[in-house]
$ cat data32.cif   # mmCIF, C-alpha atoms
data_my_file
loop_
_atom_site.label_atom_id
_atom_site.label_comp_id
_atom_site.auth_asym_id
_atom_site.auth_seq_id
_atom_site.Cartn_x
_atom_site.Cartn_y
_atom_site.Cartn_z
CA MET A 460 -55.70 9.21 15.47
CA SER A 461 -54.52 12.43 17.00
CA GLY A 462 -50.97 11.01 17.21
CA THR A 463 -50.81 10.26 13.49
CA GLU A 464 -52.20 13.62 12.33
CA PRO A 465 -49.15 15.67 13.40
CA GLU A 466 -46.85 13.12 11.74
CA ALA A 467 -48.89 13.30 8.55
CA GLY A 468 -48.75 17.08 8.72
CA LYS A 469 -44.97 17.01 9.08
CA THR A 470 -44.64 14.64 6.13
CA GLU A 471 -46.84 16.89 3.97
CA ALA A 472 -44.81 19.94 5.05
CA LYS A 473 -41.54 18.23 4.12
CA ALA A 474 -42.97 17.13 0.76
CA GLY A 475 -44.22 20.66 0.12
CA ALA A 476 -40.85 22.20 0.99
CA LEU A 477 -39.03 19.70 -1.25
CA ALA A 478 -41.43 20.40 -4.11
CA ALA A 479 -40.92 24.16 -3.67
CA PHE A 480 -37.15 23.72 -3.66
CA ARG A 481 -37.27 21.64 -6.83
CA ALA A 482 -39.55 24.16 -8.52
CA ALA A 483 -37.21 27.02 -7.58
CA ALA A 484 -34.17 25.07 -8.85
CA ALA A 485 -35.98 24.27 -12.11
CA ALA A 486 -36.96 27.93 -12.57
CA ILE A 487 -33.37 29.09 -12.02
CA ASP A 488 -32.11 26.46 -14.46
CA ARG A 489 -34.72 27.48 -17.05
CA TRP A 490 -34.30 31.25 -16.85
CA VAL A 491 -30.62 31.57 -15.98
CA GLY A 492 -28.99 28.15 -16.18
CA TRP A 493 -26.85 26.61 -13.48
CA GLN A 494 -23.98 26.27 -15.94
CA ARG A 495 -24.06 30.01 -16.63
CA ILE A 496 -24.09 30.70 -12.90
CA GLY A 497 -21.05 28.45 -12.45
CA VAL A 498 -19.22 30.25 -15.27
CA MET A 499 -20.09 33.66 -13.82
CA VAL A 500 -18.85 32.61 -10.37
CA SER A 501 -15.59 31.29 -11.85
CA VAL A 502 -15.03 34.43 -13.94
CA GLY A 503 -15.82 36.61 -10.92
CA ILE A 504 -13.32 34.78 -8.70
CA ILE A 505 -10.61 34.96 -11.38
CA GLY A 506 -11.31 38.66 -11.99
CA ILE A 507 -10.99 39.49 -8.29
CA ALA A 508 -7.81 37.43 -8.09
CA VAL A 509 -6.25 39.27 -11.02
CA TYR A 510 -7.09 42.63 -9.43
CA VAL A 511 -5.67 41.53 -6.07
CA LEU A 512 -2.48 40.18 -7.65
CA TRP A 513 -1.93 43.39 -9.60
CA HIS A 514 -2.57 45.51 -6.52
CA MET A 515 -0.17 43.48 -4.36
CA LEU A 516 2.56 42.59 -6.84
CA HIS A 517 2.87 45.58 -9.17
CA ASP A 518 5.81 46.88 -7.12
CA ILE A 519 7.39 43.50 -6.40
CA LYS A 520 11.17 43.27 -6.74
CA LEU A 521 11.75 40.25 -9.00
CA ASP A 522 15.50 40.24 -8.46
CA GLU A 523 14.86 40.01 -4.71
CA VAL A 524 12.47 37.07 -5.26
CA TRP A 525 15.14 35.32 -7.33
CA ARG A 526 17.75 35.96 -4.62
CA ILE A 527 15.44 34.46 -1.98
CA LEU A 528 14.79 31.42 -4.14
CA ARG A 529 18.50 30.77 -4.55
CA ASN A 530 19.14 31.18 -0.82
CA THR A 531 16.25 29.01 0.38
CA ASP A 532 17.40 26.35 2.83
CA PRO A 533 17.66 23.09 0.82
CA ARG A 534 16.50 21.13 3.88
CA HIS A 535 13.21 23.01 3.89
CA VAL A 536 12.73 22.32 0.18
CA ALA A 537 13.57 18.63 0.70
CA LEU A 538 11.09 18.33 3.57
CA ALA A 539 8.41 20.12 1.53
CA ALA A 540 9.05 17.70 -1.36
CA LEU A 541 8.77 14.77 1.05
CA PHE A 542 5.42 16.05 2.32
CA VAL A 543 4.21 16.49 -1.28
CA VAL A 544 5.13 12.86 -1.95
CA GLY A 545 3.18 11.90 1.17
CA GLY A 546 0.18 13.87 -0.08
CA TYR A 547 0.15 12.22 -3.50
CA PHE A 548 0.71 8.81 -1.89
CA THR A 549 -2.40 9.42 0.21
CA LEU A 550 -4.30 10.45 -2.93
CA THR A 551 -3.81 6.95 -4.35
CA PHE A 552 -6.00 5.59 -1.54
CA TYR A 553 -8.88 7.78 -2.73
CA ASP A 554 -9.15 5.57 -5.79
CA LEU A 555 -8.46 2.30 -3.97
CA PHE A 556 -11.19 3.13 -1.45
CA ALA A 557 -13.58 4.08 -4.27
CA LEU A 558 -12.90 0.84 -6.18
CA HIS A 559 -13.63 -1.24 -3.07
CA THR A 560 -16.77 0.81 -2.44
CA ILE A 561 -18.24 -0.06 -5.87
CA GLY A 562 -17.20 -3.71 -5.50
CA ARG A 563 -14.21 -3.79 -7.87
CA HIS A 564 -11.82 -5.59 -5.53
CA ASP A 565 -10.12 -7.21 -8.54
CA VAL A 566 -8.33 -3.99 -9.54
CA PRO A 567 -4.90 -4.06 -7.84
CA TYR A 568 -3.42 -1.20 -5.85
CA ARG A 569 -0.78 -0.41 -8.49
CA VAL A 570 -3.53 0.40 -11.01
CA ALA A 571 -5.45 2.49 -8.46
CA ALA A 572 -2.23 4.30 -7.58
CA LEU A 573 -1.48 5.04 -11.24
CA ALA A 574 -5.01 6.32 -11.87
CA GLY A 575 -5.14 8.33 -8.66
CA PHE A 576 -1.77 10.01 -9.06
CA THR A 577 -2.03 10.84 -12.75
CA SER A 578 -5.70 11.90 -12.71
CA TYR A 579 -5.20 14.33 -9.84
CA SER A 580 -1.88 15.76 -11.03
CA ILE A 581 -3.18 16.27 -14.57
CA GLY A 582 -6.59 17.49 -13.39
CA HIS A 583 -5.00 19.96 -10.96
CA ASN A 584 -2.92 21.54 -13.74
CA VAL A 585 -5.26 21.43 -16.74
CA GLY A 586 -8.31 22.61 -14.82
CA ALA A 587 -11.91 21.32 -14.91
CA SER A 588 -10.57 18.40 -12.89
CA VAL A 589 -13.91 16.54 -12.91
CA VAL A 590 -13.70 16.16 -16.70
CA THR A 591 -9.94 15.82 -17.17
CA GLY A 592 -9.46 13.56 -14.15
CA GLY A 593 -12.37 11.38 -15.27
CA ALA A 594 -10.91 11.04 -18.77
CA VAL A 595 -7.52 9.96 -17.38
CA ARG A 596 -9.17 7.45 -15.05
CA TYR A 597 -11.26 5.99 -17.87
CA ARG A 598 -8.20 5.50 -20.05
CA ILE A 599 -6.55 3.47 -17.27
CA TYR A 600 -9.51 1.63 -15.77
CA SER A 601 -11.10 0.65 -19.11
CA ALA A 602 -8.16 -1.73 -19.60
CA TRP A 603 -9.43 -3.54 -16.47
CA GLY A 604 -12.98 -3.80 -17.75
CA LEU A 605 -14.54 -0.79 -16.01
CA ASN A 606 -17.20 0.94 -18.08
CA ALA A 607 -17.97 4.65 -18.12
CA ILE A 608 -20.58 4.39 -15.36
CA GLU A 609 -18.21 2.53 -13.05
CA VAL A 610 -15.48 5.11 -13.66
CA ALA A 611 -18.00 7.86 -12.91
CA LYS A 612 -18.79 6.10 -9.63
CA VAL A 613 -15.08 5.95 -8.78
CA CYS A 614 -14.80 9.69 -9.46
CA PHE A 615 -17.83 10.37 -7.28
CA VAL A 616 -16.62 8.35 -4.27
CA ALA A 617 -13.08 9.76 -4.59
CA GLY A 618 -14.53 13.27 -4.74
CA LEU A 619 -16.69 12.53 -1.70
CA THR A 620 -13.57 11.49 0.22
CA PHE A 621 -11.86 14.75 -0.77
CA TRP A 622 -14.79 16.94 0.30
CA LEU A 623 -15.36 15.08 3.57
CA GLY A 624 -11.71 15.69 4.43
CA ASN A 625 -12.01 19.36 3.49
CA ALA A 626 -15.18 19.80 5.52
CA THR A 627 -13.54 18.24 8.57
CA VAL A 628 -10.29 20.19 8.34
CA LEU A 629 -12.04 23.50 7.65
CA GLY A 630 -14.74 22.89 10.26
CA LEU A 631 -12.26 22.05 13.01
CA GLY A 632 -9.77 24.69 11.90
CA ILE A 633 -12.27 27.53 11.59
CA PHE A 634 -13.91 26.64 14.91
CA TYR A 635 -10.55 26.52 16.67
CA GLU A 636 -8.89 29.43 14.84
CA PRO A 637 -11.66 31.61 13.33
CA GLU A 638 -9.31 34.56 12.79
CA ALA A 639 -7.46 32.54 10.13
CA ALA A 640 -10.60 32.29 8.01
CA SER A 641 -11.33 35.99 8.65
CA ALA A 642 -8.07 36.82 6.86
CA ILE A 643 -9.65 35.48 3.63
CA ASN A 644 -13.42 36.02 3.87
CA GLN A 645 -13.21 39.22 5.97
CA LEU A 646 -16.03 38.01 8.24
CA PRO A 647 -15.97 38.52 12.01
CA ALA A 648 -14.32 35.76 14.01
CA TRP A 649 -17.57 34.84 15.77
CA THR A 650 -19.30 34.40 12.41
CA ASN A 651 -16.56 32.09 11.18
CA ARG A 652 -16.74 30.10 14.42
CA ILE A 653 -20.47 29.57 13.78
CA ILE A 654 -19.70 28.52 10.19
CA GLY A 655 -17.18 26.00 11.49
CA LEU A 656 -19.72 24.66 13.98
CA ILE A 657 -22.35 24.34 11.23
CA ALA A 658 -19.89 22.45 9.01
CA LEU A 659 -19.05 20.02 11.83
CA THR A 660 -22.76 19.58 12.65
CA VAL A 661 -23.63 18.76 9.03
CA LEU A 662 -20.71 16.34 8.91
CA ALA A 663 -21.89 14.63 12.12
CA ILE A 664 -25.45 14.38 10.76
CA TYR A 665 -24.16 12.80 7.54
CA ILE A 666 -22.02 10.27 9.44
CA GLY A 667 -24.99 9.40 11.66
CA TRP A 668 -27.21 9.05 8.58
CA VAL A 669 -24.94 6.55 6.80
CA TRP A 670 -24.22 4.74 10.10
CA GLN A 671 -27.85 3.70 10.60
CA ARG A 672 -28.22 1.51 7.50
CA PRO A 673 -26.89 1.21 3.93
CA ARG A 674 -27.73 4.33 1.92
CA VAL A 675 -28.09 4.14 -1.86
CA ILE A 676 -28.12 7.20 -4.10
CA GLY A 677 -28.75 7.44 -7.83
CA ARG A 678 -31.28 5.72 -10.05
CA ASP A 679 -31.49 3.12 -12.81
CA GLY A 680 -27.99 1.91 -13.74
CA TRP A 681 -26.28 4.70 -11.82
CA LYS A 682 -26.55 3.68 -8.19
CA VAL A 683 -23.89 3.95 -5.50
CA THR A 684 -24.10 2.47 -2.02
CA LEU A 685 -22.50 5.06 0.21
CA PRO A 686 -19.83 3.87 2.65
CA GLY A 687 -21.24 3.11 6.09
CA GLY A 688 -20.33 4.87 9.32
CA PRO A 689 -16.94 3.24 10.06
CA LEU A 690 -15.88 3.48 6.40
CA THR A 691 -16.95 7.13 6.30
CA LEU A 692 -14.65 7.78 9.25
CA LEU A 693 -11.90 6.12 7.22
CA GLN A 694 -12.76 8.46 4.32
CA VAL A 695 -12.47 11.44 6.64
CA GLY A 696 -9.13 10.16 7.91
CA ILE A 697 -7.73 9.77 4.38
CA GLY A 698 -8.82 13.31 3.50
CA ILE A 699 -7.32 14.77 6.67
CA ILE A 700 -3.96 13.05 6.10
CA ASP A 701 -3.85 14.25 2.48
CA LEU A 702 -4.59 17.87 3.38
CA GLY A 703 -2.24 17.68 6.36
CA PHE A 704 0.67 16.64 4.14
CA CYS A 705 -0.07 19.44 1.66
CA ALA A 706 -0.37 22.06 4.40
CA LEU A 707 2.91 20.84 5.93
CA ALA A 708 4.63 21.27 2.56
CA MET A 709 3.38 24.85 2.37
CA PHE A 710 4.37 25.43 6.01
CA MET A 711 7.97 24.48 5.21
CA LEU A 712 8.14 27.06 2.41
CA VAL A 713 6.61 30.17 3.98
CA PRO A 714 8.96 32.58 5.77
CA ALA A 715 9.96 31.58 9.29
CA GLU A 716 9.08 35.01 10.67
CA PRO A 717 6.58 35.90 11.87
CA ASN A 718 5.59 32.47 13.13
CA ILE A 719 1.83 32.15 12.62
CA GLY A 720 1.42 28.52 13.70
CA PHE A 721 0.56 25.45 11.65
CA ILE A 722 -3.21 25.42 12.39
CA THR A 723 -3.61 28.98 11.16
CA LEU A 724 -1.66 28.28 8.00
CA ALA A 725 -3.61 25.04 7.38
CA VAL A 726 -6.96 26.87 7.53
CA ILE A 727 -5.71 29.58 5.18
CA PHE A 728 -4.13 27.02 2.84
CA VAL A 729 -7.25 24.84 2.56
CA SER A 730 -9.49 27.89 2.07
CA ALA A 731 -7.22 29.23 -0.68
CA THR A 732 -7.11 25.80 -2.32
CA LEU A 733 -10.91 25.56 -2.40
CA LEU A 734 -11.13 29.02 -3.94
CA GLY A 735 -8.72 27.82 -6.61
CA PHE A 736 -10.93 24.80 -7.30
CA ALA A 737 -14.04 26.99 -7.46
CA SER A 738 -12.42 29.19 -10.11
CA HIS A 739 -11.65 26.16 -12.35
CA ALA A 740 -8.42 27.93 -13.29
CA PRO A 741 -5.60 25.51 -14.15
CA GLY A 742 -3.88 24.73 -10.86
CA GLY A 743 -5.93 27.50 -9.23
CA LEU A 744 -3.35 29.75 -10.87
CA GLY A 745 -3.67 33.31 -9.62
CA VAL A 746 -6.65 32.60 -7.35
CA PHE A 747 -4.81 30.38 -4.85
CA ASP A 748 -1.84 32.74 -4.89
CA ALA A 749 -3.94 35.87 -4.42
CA ALA A 750 -5.80 34.33 -1.48
CA MET A 751 -2.55 33.32 0.19
CA LEU A 752 -1.00 36.78 -0.33
CA VAL A 753 -4.07 38.50 1.11
CA ALA A 754 -4.41 36.18 4.11
CA LEU A 755 -0.69 36.15 4.93
CA TRP A 756 -0.30 39.91 4.74
CA GLN A 757 2.12 39.95 7.68
CA PHE A 758 4.89 38.28 5.65
CA ASN A 759 7.37 40.01 3.38
CA LYS A 760 5.81 39.84 -0.10
CA GLU A 761 9.00 38.80 -1.88
CA GLU A 762 9.66 36.00 0.63
CA LEU A 763 6.07 34.74 0.51
CA LEU A 764 5.98 34.85 -3.29
CA ALA A 765 9.19 32.81 -3.41
CA GLY A 766 7.58 30.20 -1.14
CA LEU A 767 4.46 30.08 -3.30
CA LEU A 768 6.54 29.60 -6.44
CA LEU A 769 8.45 26.73 -4.83
CA PHE A 770 5.21 25.10 -3.68
CA ARG A 771 3.72 25.39 -7.17
CA LEU A 772 6.86 23.81 -8.62
CA LEU A 773 6.81 20.89 -6.16
CA TYR A 774 3.07 20.26 -5.99
CA TYR A 775 1.93 21.13 -9.51
CA VAL A 776 4.70 21.28 -12.11
CA VAL A 777 6.84 18.28 -11.12
CA PRO A 778 3.92 15.82 -10.63
CA PHE A 779 2.34 17.07 -13.87
CA ALA A 780 5.56 16.40 -15.81
CA LEU A 781 5.90 12.96 -14.20
CA SER A 782 2.28 12.10 -15.05
CA LEU A 783 2.71 13.10 -18.70
CA MET A 784 5.90 11.05 -18.90
CA ILE A 785 4.24 8.02 -17.28
CA HIS A 786 1.29 8.20 -19.67
CA ALA A 787 3.56 8.61 -22.68
CA VAL A 788 5.59 5.52 -21.69
CA ARG A 789 2.39 3.57 -20.96
CA GLU A 790 0.89 4.44 -24.35
CA ILE A 791 4.09 3.39 -26.12
CA VAL A 792 4.15 0.07 -24.24
CA LEU A 793 0.46 -0.56 -25.01
CA SER A 794 0.98 0.29 -28.70
CA VAL A 795 3.98 -2.04 -28.99
CA ALA A 796 2.09 -4.84 -27.24
CA ALA A 797 -0.91 -4.34 -29.54
CA ALA A 798 1.34 -4.40 -32.62
CA ARG A 799 2.95 -7.65 -31.45
CA ARG A 800 -0.47 -9.24 -30.93
CA ARG A 801 -1.53 -8.21 -34.43
CA ASN A 802 1.65 -9.62 -35.94
CA ALA A 803 1.27 -12.88 -34.02
CA LEU A 804 -2.36 -13.16 -35.16
CA ARG A 805 -1.37 -12.43 -38.75
CA LYS A 806 1.25 -15.19 -38.67
CA LEU A 807 -1.36 -17.65 -37.42
CA VAL A 808 -4.06 -16.64 -39.87
CA THR A 809 -1.99 -16.25 -43.07
CA PRO A 810 -1.12 -19.98 -43.52
CA VAL A 811 -4.74 -20.94 -42.96
CA ILE A 812 -5.90 -18.45 -45.60
CA LYS A 813 -3.33 -19.76 -48.11
CA GLU A 814 -4.45 -23.37 -47.54
CA THR A 815 -8.10 -22.51 -48.15
CA GLU A 816 -7.42 -20.51 -51.32
CA PRO A 817 -8.37 -22.36 -54.57
CA ASP A 818 -5.47 -23.44 -56.80
#

$ encode --input "data32.cif" --output "structure tokens"
Amino acid sequence: MSGTEPEAGKTEAKAGALAAFRAAAAAIDRWVGWQRIGVMVSVGIIGIAVYVLWHMLHDIKLDEVWRILRNTDPRHVALAALFVVGGYFTLTFYDLFALHTIGRHDVPYRVAALAGFTSYSIGHNVGASVVTGGAVRYRIYSAWGLNAIEVAKVCFVAGLTFWLGNATVLGLGIFYEPEAASAINQLPAWTNRIIGLIALTVLAIYIGWVWQRPRVIGRDGWKVTLPGGPLTLLQVGIGIIDLGFCALAMFMLVPAEPNIGFITLAVIFVSATLLGFASHAPGGLGVFDAAMLVALWQFNKEELLAGLLLFRLLYYVVPFALSLMIHAVREIVLSVAAARRRNALRKLVTPVIKETEPD
């Protein structure tokens, strides 16, 4: 009896803590509103970014930036473009992995690749990527019989893959190179090292949790069986490769001197990217750039700005234009095919109608 009492006490304590957390969350939602908090955070991040950009770029020499752009080594630009292609290629496996996770093995890779590439490139540029990316995915996957709930599940699993990759890269990077994170958050290096260790610990706990047995989240018709331990490691690997390609593209475009090392740049790049996502600004415009300019203070501003402009062209503008073109062509093809089906049906039905009409 004495052995069960402590366990019962622990269970009651956990239940009480969970109830208190839910009550606090409900009170915040009722009196303030989580949506309002999200908007205030986004506006605050954008406001700080605008101030930082003005403070750092008000004396920028635009003619010097243009000169640097024209004199950039074409080999560096070509390599950066190749790494961007590698990053978007890896993104297509986010959707393929998600489709297999929810049991839709019938959807071929080419469809997953189309949905993954276009949803991310459009979502990155338009902003509010959860909504815009989901709408693009639904337009593509609905043709293969996926309903709105299944598309939402694909978005959730793909997003989980993205965040697991980010948590791993940031955790390892901050733990190994805490000074890189200090350049953005202005915290002491030892504090950032602890943050990195906490992130890796939480990640390890999550992997151990899903490794033990199948874990299902959601209720009613919205249930997702989370990937198990080995598949979660695959998720982490996909996310790391994606972020690695993107960081390599940025690494090819920053000035060669001073050489800060790839790990340092990767930590700064991922941190700046997440700040851009948190702002919900289209393409993280202004926020990502301000974070990079602040963190990479040791570089010449004109040279760094030229590199950022080239990266935005390669990673945001070009894929966005390609995605819009692909969707336009796809819609035209679907419209023509639908018109042909209607005409064929009309030709079949018209004679039958004429035969049944009374003389």

$ closest_atom_pairs --input "data32.cif" --of "stretch 766-815 of chain A" --to "stretch 581-600 of chain A" --cutoff "7 Å" --atoms "only C-alpha atoms" --output "JSON lines"
{"residue": "A:Tyr775", "atom": "CA", "partner": "A:Asn584", "partner_atom": "CA", "distance": 6.4}
{"residue": "A:Phe779", "atom": "CA", "partner": "A:Ile581", "partner_atom": "CA", "distance": 5.6}
{"residue": "A:Ser782", "atom": "CA", "partner": "A:Ile581", "partner_atom": "CA", "distance": 6.9}

$ residues_around --input "data32.cif" --residues "A:Phe576" --least-positions-apart "6" --cutoff "10 Å" --atoms "all atoms listed in the file" --output "PyMOL selection string"
chain A and resi 546-554+570+582+592+596+778-779+781-782

$ resolve_selection --input "data32.cif" --expression "the PyMOL selection byres ((chain A and resi 672) around 10)" --output "PyMOL selection string"
chain A and resi 667-671+673-675+685-688

$ resolve_selection --input "data32.cif" --expression "the PyMOL selection byres ((chain A and resi 630) around 7)" --output "list in words"
Ala626, Thr627, Val628, Leu629, Leu631, Gly632, Ile633, Phe634, Gly655, Leu656, Ala658 and Leu659 of chain A

$ closest_residue --input "data32.cif" --among "A:Thr577, A:Asn606, A:Ser730, A:Cys705" --to "A:Arg789" --atoms "only C-alpha atoms"
A:Thr577

$ atom_distance --input "data32.cif" --atom1 "atom CA of A:Ile561" --atom2 "atom CA of A:Phe615"
10.5 Å

$ build_atoms --input "data32.cif" --residues "stretch 627-654 of chain A" --atoms "N, CA and C atoms" --output "compact mmCIF listing (two decimals), in the frame of the given file"
# COMPACT_ATOMS: atom_id res chain seq x y z
N THR A 627 -14.03 18.49 7.21
CA THR A 627 -13.54 18.24 8.57
C THR A 627 -12.42 19.20 8.95
N VAL A 628 -11.44 19.33 8.06
CA VAL A 628 -10.29 20.19 8.34
C VAL A 628 -10.74 21.65 8.50
N LEU A 629 -11.58 22.11 7.57
CA LEU A 629 -12.04 23.50 7.65
C LEU A 629 -12.94 23.71 8.87
N GLY A 630 -13.85 22.75 9.11
CA GLY A 630 -14.74 22.89 10.26
C GLY A 630 -13.98 22.99 11.56
N LEU A 631 -13.06 22.05 11.78
CA LEU A 631 -12.26 22.05 13.01
C LEU A 631 -11.35 23.28 13.07
N GLY A 632 -10.71 23.57 11.93
CA GLY A 632 -9.77 24.69 11.90
C GLY A 632 -10.44 26.03 12.13
N ILE A 633 -11.58 26.25 11.45
CA ILE A 633 -12.27 27.53 11.59
C ILE A 633 -12.85 27.68 13.00
N PHE A 634 -13.36 26.57 13.54
CA PHE A 634 -13.91 26.64 14.91
C PHE A 634 -12.82 26.95 15.92
N TYR A 635 -11.65 26.34 15.72
CA TYR A 635 -10.55 26.52 16.67
C TYR A 635 -9.82 27.84 16.46
N GLU A 636 -9.67 28.24 15.18
CA GLU A 636 -8.89 29.43 14.84
C GLU A 636 -9.68 30.28 13.84
N PRO A 637 -10.79 30.88 14.27
CA PRO A 637 -11.66 31.61 13.33
C PRO A 637 -10.99 32.82 12.69
N GLU A 638 -9.99 33.39 13.37
CA GLU A 638 -9.31 34.56 12.79
C GLU A 638 -8.58 34.22 11.50
N ALA A 639 -8.16 32.94 11.35
CA ALA A 639 -7.46 32.54 10.13
C ALA A 639 -8.38 32.64 8.93
N ALA A 640 -9.63 32.19 9.10
CA ALA A 640 -10.60 32.29 8.01
C ALA A 640 -10.97 33.75 7.75
N SER A 641 -11.00 34.57 8.81
CA SER A 641 -11.33 35.99 8.65
C SER A 641 -10.34 36.70 7.74
N ALA A 642 -9.09 36.20 7.71
CA ALA A 642 -8.07 36.82 6.86
C ALA A 642 -8.42 36.68 5.39
N ILE A 643 -9.27 35.68 5.03
CA ILE A 643 -9.65 35.48 3.63
C ILE A 643 -11.05 36.02 3.36
N ASN A 644 -12.05 35.62 4.18
CA ASN A 644 -13.42 36.02 3.87
C ASN A 644 -13.84 37.34 4.51
N GLN A 645 -12.96 37.91 5.35
CA GLN A 645 -13.21 39.22 5.97
C GLN A 645 -14.45 39.25 6.86
N LEU A 646 -14.90 38.09 7.32
CA LEU A 646 -16.03 38.01 8.24
C LEU A 646 -15.53 38.08 9.67
N PRO A 647 -16.39 38.51 10.60
CA PRO A 647 -15.97 38.52 12.01
C PRO A 647 -15.62 37.12 12.50
N ALA A 648 -14.76 37.05 13.50
CA ALA A 648 -14.32 35.76 14.01
C ALA A 648 -15.48 34.94 14.54
N TRP A 649 -16.44 35.59 15.22
CA TRP A 649 -17.57 34.84 15.77
C TRP A 649 -18.43 34.24 14.67
N THR A 650 -18.54 34.94 13.54
CA THR A 650 -19.30 34.40 12.41
C THR A 650 -18.62 33.16 11.85
N ASN A 651 -17.30 33.25 11.69
CA ASN A 651 -16.56 32.09 11.18
C ASN A 651 -16.63 30.91 12.14
N ARG A 652 -16.63 31.19 13.45
CA ARG A 652 -16.74 30.10 14.42
C ARG A 652 -18.10 29.40 14.27
N ILE A 653 -19.15 30.16 14.02
CA ILE A 653 -20.47 29.57 13.78
C ILE A 653 -20.46 28.75 12.50
N ILE A 654 -19.80 29.27 11.44
CA ILE A 654 -19.70 28.52 10.19
C ILE A 654 -18.99 27.20 10.41
